[in-house]
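What follows is a set of notes on a single structure, which appears directly below.
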Amino acid sequence: MSLARMIFSPLRAAGQLVAAAMLLACLATPQAAAETKIVKVVSPGGVTAWLVEERSIPIISISASFTGGDALIPNEKAGLASLFASMLEEGAGKYDDTAFAKRAEELAVKMSFSSGSDTISVGATMLLQNRDASIELFRLAMQEPRFDAGPLERVKAQISSSIRQAETNPGSIASKTFFSLAYPGDSYGRRRSGTLKSVASLTADDLRDAHKKLMTRETLNVGVVGAISPEELAPLLDKLFAALPAKGPKPPKPPKLALKPGVTVVDFNAPQSTVIFGHAGILRKDPDYVAAYVMNYILGGGGFASRLTEEVREKRGLAYSVYSYLSPRDRGGLYLGGVGTANKSVGKSIELIKAEWARMAAGKVTQQELDKAKQYLIGSYPLRFDSNSKIAAFLVGVQRQKLGIDYITRRNDLVRAVTLDDVKRVAKRLLKSDELFFVVVGKPEGLKR
């Protein structure tokens, strides 16, 4: 381990403790919550960021996202957004890939770049003493990526290897099958990593073209946490983002969900079957989202506290795991779940899942279940914020979803406000047991197709 990493690691750990303590204090009482300061900073060039200034530890975390991501990539270029994100720290400006990595280590700056169905996300956590040099390296990665031939071929080979591995992984097979049937022809229906054929065809020119489309100021949201003031941050925002293109292409229209009720089986030689199931869901902006989130904790999102786990695993020992969750992407929402079970138990597990889906939809939920769900969701909320970088990313997510700058302190009140009637109403609206679609990868027994 280098001296820089030895210095940075304990400071980062200390920063995580401070960040966690800060958010715990902010969310513990209404008075403390009211004192939480998230400041909107607008740079001279018009770049906006949300800032939480925290000087207890000399660390700064910057998180940013650009809306669009994989949705802006045509099917014949599948995997381009993922490859683009992977290449951003493979050399920039005057630094080739090796020199870039060495410089980042010297500065003890940790950078991250990733692609999603609807976003490109970037981030950097740096020491205050190295702030200006770290900002410059982060700027180079975003504004002047090199896309050199050697690193490009290496990263493409790594992605191709992961694609081959996914083709033999039952979970990956189930996911690919489910989403390709749910959204045929749309980016939501394909693997973000692409195919062996599409990845092999991608070039440096494709990456340069993607750079102009995937990172634009119009789609930018920024969150910053750490030892920096609004006055110090404003010019740095321009340095990082003002030179990026102002506008880019718009994401395509929401795709039509093509799922039909029933079961699709993918034959796979294993003693256990992997199952993904779901139907239409809701978007994050839906007024019922918080009530649906609480309802889902009771149904399948609460781990050992959930009904699905109780009925399928605990009472009958049929499954190794069973769960459900809301999946609100930008252009379409799904209500999803999964179960892993022995081949001989697949049929019975599916029957129980559908039965619990229907029982919840019929309003069979108690005040005690609701109280326990709200207690957990409120009490565990601060655990999301155990580092400056996580808080910064949270600020970005709140901006993207247009939840309001005070959402971090309002969220628990929104959960508290959910009533039993809300849960019953939302369950009736969302849960359709006769519309569930199941993908089973394995050699299942006892299925009614």
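FYI, nothing fancy with the structure tokens labels: chains A, B, ... in order, residues from 1 per chain, ligands from 1 as they appear.
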Those of stretch 19-122 of chain A in DSSP helix (DSSP H, G or I), formatted as a VMD selection string: chain A and resid 19 to 28 30 to 34 69 to 72 75 to 77 80 to 87 97 to 107
Hey, can you spit out that residue selection with N, CA and C atoms as a CSV table (one decimal), in the first residue's frame?
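Saved to selection_36.csv:
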```csv
chain,number,residue,atom,x,y,z
A,19,ALA,N,-19.6,11.7,9.0
A,19,ALA,CA,-20.8,11.9,8.2
A,19,ALA,C,-22.0,11.2,8.8
A,20,ALA,N,-21.7,9.9,9.3
A,20,ALA,CA,-22.8,9.2,9.9
A,20,ALA,C,-23.4,9.9,11.1
A,21,ALA,N,-22.4,10.4,12.0
A,21,ALA,CA,-22.9,11.1,13.2
A,21,ALA,C,-23.6,12.3,12.8
A,22,MET,N,-23.2,13.0,11.8
A,22,MET,CA,-23.9,14.3,11.4
A,22,MET,C,-25.3,14.0,11.0
A,23,LEU,N,-25.5,13.0,10.1
A,23,LEU,CA,-26.8,12.7,9.6
A,23,LEU,C,-27.7,12.1,10.7
A,24,LEU,N,-27.1,11.3,11.6
A,24,LEU,CA,-27.9,10.7,12.7
A,24,LEU,C,-28.4,11.9,13.6
A,25,ALA,N,-27.6,12.9,13.8
A,25,ALA,CA,-28.0,14.0,14.6
A,25,ALA,C,-29.1,14.8,13.9
A,26,CYS,N,-28.9,15.0,12.6
A,26,CYS,CA,-29.8,15.8,11.8
A,26,CYS,C,-31.2,15.1,11.8
A,27,LEU,N,-31.3,13.8,11.8
A,27,LEU,CA,-32.6,13.1,11.6
A,27,LEU,C,-33.2,12.7,12.9
A,28,ALA,N,-32.4,12.9,14.0
A,28,ALA,CA,-32.9,12.3,15.3
A,28,ALA,C,-34.1,13.1,15.9
A,30,PRO,N,-36.8,16.8,15.4
A,30,PRO,CA,-37.3,17.8,14.5
A,30,PRO,C,-36.4,19.1,14.6
A,31,GLN,N,-36.0,19.4,15.8
A,31,GLN,CA,-35.1,20.6,16.0
A,31,GLN,C,-33.8,20.5,15.2
A,32,ALA,N,-33.2,19.3,15.4
A,32,ALA,CA,-31.9,19.1,14.8
A,32,ALA,C,-32.1,19.0,13.3
A,33,ALA,N,-33.1,18.4,12.8
A,33,ALA,CA,-33.4,18.3,11.4
A,33,ALA,C,-33.6,19.7,10.8
A,34,ALA,N,-34.2,20.6,11.5
A,34,ALA,CA,-34.4,21.9,11.0
A,34,ALA,C,-33.1,22.7,10.8
A,69,GLY,N,-28.0,8.3,-20.0
A,69,GLY,CA,-27.3,7.1,-19.9
A,69,GLY,C,-27.5,6.1,-21.1
A,70,ASP,N,-27.8,4.9,-20.7
A,70,ASP,CA,-27.9,3.8,-21.8
A,70,ASP,C,-29.1,4.1,-22.7
A,71,ALA,N,-30.1,4.8,-22.2
A,71,ALA,CA,-31.3,5.1,-23.0
A,71,ALA,C,-31.0,5.9,-24.3
A,72,LEU,N,-29.8,6.6,-24.3
A,72,LEU,CA,-29.4,7.4,-25.4
A,72,LEU,C,-28.6,6.6,-26.5
A,75,ASN,N,-29.5,0.3,-30.3
A,75,ASN,CA,-29.3,-1.1,-30.0
A,75,ASN,C,-28.0,-1.6,-30.7
A,76,GLU,N,-27.7,-1.1,-31.9
A,76,GLU,CA,-26.5,-1.6,-32.6
A,76,GLU,C,-25.2,-1.2,-31.9
A,77,LYS,N,-25.3,-0.2,-31.0
A,77,LYS,CA,-24.1,0.2,-30.2
A,77,LYS,C,-24.3,-0.2,-28.7
A,80,LEU,N,-22.2,0.7,-25.3
A,80,LEU,CA,-21.3,1.9,-25.5
A,80,LEU,C,-21.3,2.8,-24.2
A,81,ALA,N,-22.4,3.0,-23.5
A,81,ALA,CA,-22.4,3.8,-22.3
A,81,ALA,C,-21.6,3.2,-21.2
A,82,SER,N,-21.7,1.9,-21.1
A,82,SER,CA,-20.9,1.1,-20.1
A,82,SER,C,-19.4,1.3,-20.4
A,83,LEU,N,-19.0,1.1,-21.7
A,83,LEU,CA,-17.6,1.2,-22.1
A,83,LEU,C,-17.2,2.6,-21.9
A,84,PHE,N,-18.0,3.6,-22.2
A,84,PHE,CA,-17.6,5.0,-22.1
A,84,PHE,C,-17.3,5.3,-20.6
A,85,ALA,N,-18.1,4.9,-19.7
A,85,ALA,CA,-17.9,5.1,-18.3
A,85,ALA,C,-16.6,4.5,-17.8
A,86,SER,N,-16.4,3.3,-18.3
A,86,SER,CA,-15.2,2.5,-17.8
A,86,SER,C,-13.9,3.2,-18.4
A,87,MET,N,-14.0,3.9,-19.5
A,87,MET,CA,-12.8,4.5,-20.1
A,87,MET,C,-12.4,5.9,-19.6
A,97,ASP,N,-3.0,6.0,-19.4
A,97,ASP,CA,-3.7,5.2,-18.4
A,97,ASP,C,-2.8,5.0,-17.1
A,98,THR,N,-1.6,4.6,-17.3
A,98,THR,CA,-0.7,4.4,-16.2
A,98,THR,C,-0.4,5.6,-15.4
A,99,ALA,N,-0.1,6.7,-16.2
A,99,ALA,CA,0.2,8.0,-15.5
A,99,ALA,C,-1.0,8.5,-14.8
A,100,PHE,N,-2.2,8.3,-15.3
A,100,PHE,CA,-3.4,8.8,-14.7
A,100,PHE,C,-3.6,8.1,-13.3
A,101,ALA,N,-3.5,6.8,-13.4
A,101,ALA,CA,-3.6,6.0,-12.1
A,101,ALA,C,-2.6,6.4,-11.1
A,102,LYS,N,-1.3,6.6,-11.5
A,102,LYS,CA,-0.3,7.0,-10.6
A,102,LYS,C,-0.6,8.4,-10.0
A,103,ARG,N,-1.0,9.3,-10.8
A,103,ARG,CA,-1.3,10.6,-10.3
A,103,ARG,C,-2.5,10.6,-9.3
A,104,ALA,N,-3.5,9.8,-9.6
A,104,ALA,CA,-4.6,9.7,-8.6
A,104,ALA,C,-4.1,9.1,-7.3
A,105,GLU,N,-3.2,8.2,-7.4
A,105,GLU,CA,-2.7,7.6,-6.1
A,105,GLU,C,-1.8,8.6,-5.4
A,106,GLU,N,-1.0,9.4,-6.1
A,106,GLU,CA,-0.2,10.4,-5.4
A,106,GLU,C,-1.1,11.4,-4.7
A,107,LEU,N,-2.2,11.7,-5.3
A,107,LEU,CA,-3.1,12.7,-4.7
A,107,LEU,C,-4.1,12.1,-3.7
```
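The list of residues with at least one atom within 9 Å of A:Pro230, based on only C-alpha atoms and without residues fewer than 4 positions apart in the same chain, reads Val39, Lys40, Val41, Val42, Leu51, Glu53 and Ala234 of chain A.
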Distance table requested - stretch 227-342 of chain A against stretch 138-143 of chain A, cut-off 8 Å, only C-alpha atoms: one row per qualifying residue with the closest atom pair and its distance in Å to one decimal, ordered by chain and rising residue number, as CSV.
```
residue,atom,partner,partner_atom,distance
A:Lys239,CA,A:Arg139,CA,7.2
A:Leu240,CA,A:Arg139,CA,5.0
A:Phe241,CA,A:Arg139,CA,7.8
A:Ala243,CA,A:Gln143,CA,7.5
A:Leu244,CA,A:Gln143,CA,6.8
```
Residue with smallest distance to A:Gln158 - pool A:Leu308, A:Leu283, A:Ala200, A:Leu257, counting only C-alpha atoms: A:Ala200
Closest of A:Ser160, A:Ser114, A:Ser273, A:Thr419 to A:Gln368 - atom-to-atom distances counting only C-alpha atoms: A:Thr419
Sorted per-residue table, stretch 313-353 of chain A near stretch 428-443 of chain A, closest atoms and distance, 12 Å, only C-alpha atoms, as JSON lines:
```
{"residue": "A:Ser324", "atom": "CA", "partner": "A:Leu431", "partner_atom": "CA", "distance": 11.5}
{"residue": "A:Tyr325", "atom": "CA", "partner": "A:Leu431", "partner_atom": "CA", "distance": 12.0}
{"residue": "A:Leu326", "atom": "CA", "partner": "A:Leu430", "partner_atom": "CA", "distance": 10.6}
{"residue": "A:Gly333", "atom": "CA", "partner": "A:Leu430", "partner_atom": "CA", "distance": 11.2}
{"residue": "A:Leu334", "atom": "CA", "partner": "A:Leu430", "partner_atom": "CA", "distance": 10.1}
{"residue": "A:Tyr335", "atom": "CA", "partner": "A:Leu430", "partner_atom": "CA", "distance": 8.3}
{"residue": "A:Leu336", "atom": "CA", "partner": "A:Leu436", "partner_atom": "CA", "distance": 9.3}
{"residue": "A:Gly337", "atom": "CA", "partner": "A:Phe438", "partner_atom": "CA", "distance": 9.4}
{"residue": "A:Gly338", "atom": "CA", "partner": "A:Phe438", "partner_atom": "CA", "distance": 9.0}
{"residue": "A:Val339", "atom": "CA", "partner": "A:Val440", "partner_atom": "CA", "distance": 9.4}
{"residue": "A:Gly340", "atom": "CA", "partner": "A:Val440", "partner_atom": "CA", "distance": 9.5}
{"residue": "A:Thr341", "atom": "CA", "partner": "A:Gly442", "partner_atom": "CA", "distance": 9.8}
{"residue": "A:Ala342", "atom": "CA", "partner": "A:Lys443", "partner_atom": "CA", "distance": 9.0}
{"residue": "A:Asn343", "atom": "CA", "partner": "A:Lys443", "partner_atom": "CA", "distance": 5.7}
{"residue": "A:Lys344", "atom": "CA", "partner": "A:Lys443", "partner_atom": "CA", "distance": 8.4}
{"residue": "A:Ser345", "atom": "CA", "partner": "A:Lys443", "partner_atom": "CA", "distance": 10.6}
{"residue": "A:Val346", "atom": "CA", "partner": "A:Val440", "partner_atom": "CA", "distance": 8.4}
{"residue": "A:Gly347", "atom": "CA", "partner": "A:Val440", "partner_atom": "CA", "distance": 10.3}
{"residue": "A:Ser349", "atom": "CA", "partner": "A:Phe438", "partner_atom": "CA", "distance": 11.4}
{"residue": "A:Ile350", "atom": "CA", "partner": "A:Phe438", "partner_atom": "CA", "distance": 8.4}
{"residue": "A:Glu351", "atom": "CA", "partner": "A:Ser433", "partner_atom": "CA", "distance": 10.1}
{"residue": "A:Leu352", "atom": "CA", "partner": "A:Ser433", "partner_atom": "CA", "distance": 10.7}
{"residue": "A:Ile353", "atom": "CA", "partner": "A:Ser433", "partner_atom": "CA", "distance": 8.6}
```
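With distances restricted to only C-alpha atoms, A:Ala417 is the closest residue to A:Leu370 from A:Val224, A:Ala157, A:Leu196, A:Ala417.
Counting from atom CA of A:Arg164, the distance to atom CA of A:Lys197 is 11.7 Å.
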Picked from stretch 157-392 of chain A by DSSP as strand (DSSP E or B), as a PyMOL selection string: chain A and resi 220-226+262-267+272-280+319-329+332-342
Same residues, N, CA and C atoms, saved as a compact mmCIF listing (two decimals), in the first residue's frame:
```
# COMPACT_ATOMS: atom_id res chain seq x y z
N LEU A 220 -27.44 17.74 -15.98
CA LEU A 220 -26.52 17.59 -14.86
C LEU A 220 -27.18 17.87 -13.51
N ASN A 221 -26.88 17.02 -12.52
CA ASN A 221 -27.21 17.27 -11.12
C ASN A 221 -25.97 17.01 -10.29
N VAL A 222 -25.70 17.89 -9.30
CA VAL A 222 -24.46 17.81 -8.53
C VAL A 222 -24.75 17.90 -7.04
N GLY A 223 -24.08 17.04 -6.26
CA GLY A 223 -24.12 17.12 -4.81
C GLY A 223 -22.71 17.15 -4.25
N VAL A 224 -22.46 17.99 -3.25
CA VAL A 224 -21.12 18.14 -2.66
C VAL A 224 -21.25 18.12 -1.15
N VAL A 225 -20.36 17.37 -0.49
CA VAL A 225 -20.34 17.30 0.97
C VAL A 225 -18.89 17.40 1.42
N GLY A 226 -18.62 18.27 2.41
CA GLY A 226 -17.28 18.30 2.97
C GLY A 226 -16.77 19.68 3.30
N GLY A 262 -47.98 -15.36 -16.75
CA GLY A 262 -47.59 -16.75 -17.00
C GLY A 262 -46.17 -17.04 -16.56
N VAL A 263 -45.62 -18.13 -17.08
CA VAL A 263 -44.30 -18.61 -16.69
C VAL A 263 -43.49 -18.94 -17.93
N THR A 264 -42.26 -18.44 -17.98
CA THR A 264 -41.30 -18.81 -19.02
C THR A 264 -40.15 -19.55 -18.36
N VAL A 265 -39.82 -20.72 -18.88
CA VAL A 265 -38.75 -21.55 -18.30
C VAL A 265 -37.54 -21.57 -19.23
N VAL A 266 -36.38 -21.30 -18.67
CA VAL A 266 -35.11 -21.44 -19.37
C VAL A 266 -34.40 -22.64 -18.77
N ASP A 267 -34.21 -23.66 -19.55
CA ASP A 267 -33.61 -24.90 -19.04
C ASP A 267 -32.16 -24.65 -18.63
N GLN A 272 -30.99 -26.06 -8.14
CA GLN A 272 -31.83 -24.96 -7.69
C GLN A 272 -32.28 -24.13 -8.88
N SER A 273 -33.50 -23.62 -8.81
CA SER A 273 -34.01 -22.72 -9.82
C SER A 273 -33.92 -21.27 -9.33
N THR A 274 -33.61 -20.38 -10.25
CA THR A 274 -33.61 -18.95 -9.99
C THR A 274 -34.83 -18.35 -10.68
N VAL A 275 -35.62 -17.60 -9.92
CA VAL A 275 -36.89 -17.08 -10.43
C VAL A 275 -36.92 -15.56 -10.28
N ILE A 276 -37.29 -14.86 -11.34
CA ILE A 276 -37.59 -13.43 -11.31
C ILE A 276 -39.04 -13.26 -11.70
N PHE A 277 -39.76 -12.42 -10.98
CA PHE A 277 -41.17 -12.21 -11.31
C PHE A 277 -41.54 -10.75 -11.17
N GLY A 278 -42.67 -10.37 -11.76
CA GLY A 278 -43.12 -8.99 -11.62
C GLY A 278 -44.23 -8.63 -12.57
N HIS A 279 -44.67 -7.39 -12.45
CA HIS A 279 -45.64 -6.79 -13.37
C HIS A 279 -45.46 -5.28 -13.32
N ALA A 280 -46.35 -4.53 -13.92
CA ALA A 280 -46.23 -3.08 -13.97
C ALA A 280 -46.17 -2.48 -12.57
N ALA A 319 -37.64 -21.95 0.23
CA ALA A 319 -36.77 -21.05 -0.52
C ALA A 319 -35.55 -20.67 0.30
N TYR A 320 -34.47 -20.40 -0.41
CA TYR A 320 -33.27 -19.87 0.23
C TYR A 320 -33.41 -18.35 0.40
N SER A 321 -34.08 -17.73 -0.55
CA SER A 321 -34.35 -16.30 -0.45
C SER A 321 -35.60 -15.99 -1.26
N VAL A 322 -36.35 -14.98 -0.81
CA VAL A 322 -37.52 -14.52 -1.54
C VAL A 322 -37.75 -13.05 -1.17
N TYR A 323 -38.07 -12.23 -2.14
CA TYR A 323 -38.13 -10.79 -1.89
C TYR A 323 -38.96 -10.11 -2.99
N SER A 324 -39.33 -8.86 -2.74
CA SER A 324 -39.98 -8.02 -3.75
C SER A 324 -39.48 -6.59 -3.58
N TYR A 325 -39.59 -5.79 -4.63
CA TYR A 325 -39.15 -4.40 -4.55
C TYR A 325 -39.76 -3.58 -5.69
N LEU A 326 -39.85 -2.28 -5.46
CA LEU A 326 -40.28 -1.33 -6.47
C LEU A 326 -39.08 -0.94 -7.34
N SER A 327 -39.30 -0.89 -8.65
CA SER A 327 -38.22 -0.54 -9.57
C SER A 327 -38.68 0.62 -10.46
N PRO A 328 -38.56 1.86 -9.96
CA PRO A 328 -39.05 3.02 -10.72
C PRO A 328 -37.96 3.65 -11.58
N ARG A 329 -37.80 3.18 -12.80
CA ARG A 329 -36.86 3.83 -13.71
C ARG A 329 -37.48 5.11 -14.27
N GLY A 332 -40.30 4.14 -17.02
CA GLY A 332 -41.25 3.07 -16.75
C GLY A 332 -40.98 2.41 -15.43
N GLY A 333 -42.04 2.09 -14.70
CA GLY A 333 -41.89 1.45 -13.40
C GLY A 333 -42.34 0.01 -13.41
N LEU A 334 -41.65 -0.82 -12.66
CA LEU A 334 -42.01 -2.23 -12.49
C LEU A 334 -42.11 -2.54 -11.01
N TYR A 335 -42.89 -3.56 -10.70
CA TYR A 335 -42.92 -4.13 -9.36
C TYR A 335 -42.33 -5.53 -9.51
N LEU A 336 -41.15 -5.75 -8.93
CA LEU A 336 -40.37 -6.94 -9.19
C LEU A 336 -40.13 -7.76 -7.93
N GLY A 337 -39.71 -8.99 -8.13
CA GLY A 337 -39.35 -9.86 -7.01
C GLY A 337 -38.52 -11.02 -7.51
N GLY A 338 -38.07 -11.83 -6.58
CA GLY A 338 -37.28 -12.99 -6.94
C GLY A 338 -37.34 -14.04 -5.85
N VAL A 339 -37.04 -15.27 -6.24
CA VAL A 339 -36.97 -16.37 -5.29
C VAL A 339 -35.95 -17.38 -5.80
N GLY A 340 -35.17 -17.93 -4.89
CA GLY A 340 -34.26 -19.02 -5.20
C GLY A 340 -34.69 -20.25 -4.44
N THR A 341 -34.95 -21.34 -5.12
CA THR A 341 -35.53 -22.50 -4.46
C THR A 341 -35.13 -23.78 -5.18
N ALA A 342 -35.20 -24.90 -4.50
CA ALA A 342 -34.93 -26.19 -5.11
C ALA A 342 -35.90 -26.43 -6.25
```
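The nearest approach to A:Ile228 among the residues A:Asp413, A:Glu144, A:Asp209, A:Asp132, with only C-alpha atoms taken into account, belongs to A:Asp132.
Considering only C-alpha atoms, the residue among A:Val418, A:Pro184, A:Pro271, A:Ser63 positioned nearest to A:Pro287 is A:Val418.
Note that the spacing between atom CA of A:Thr216 and atom CA of A:Ile73 amounts to 14.9 Å.
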Between atom CA of A:Ala174 and atom CA of A:Ser187 - distance in Å to one decimal: 16.9 Å
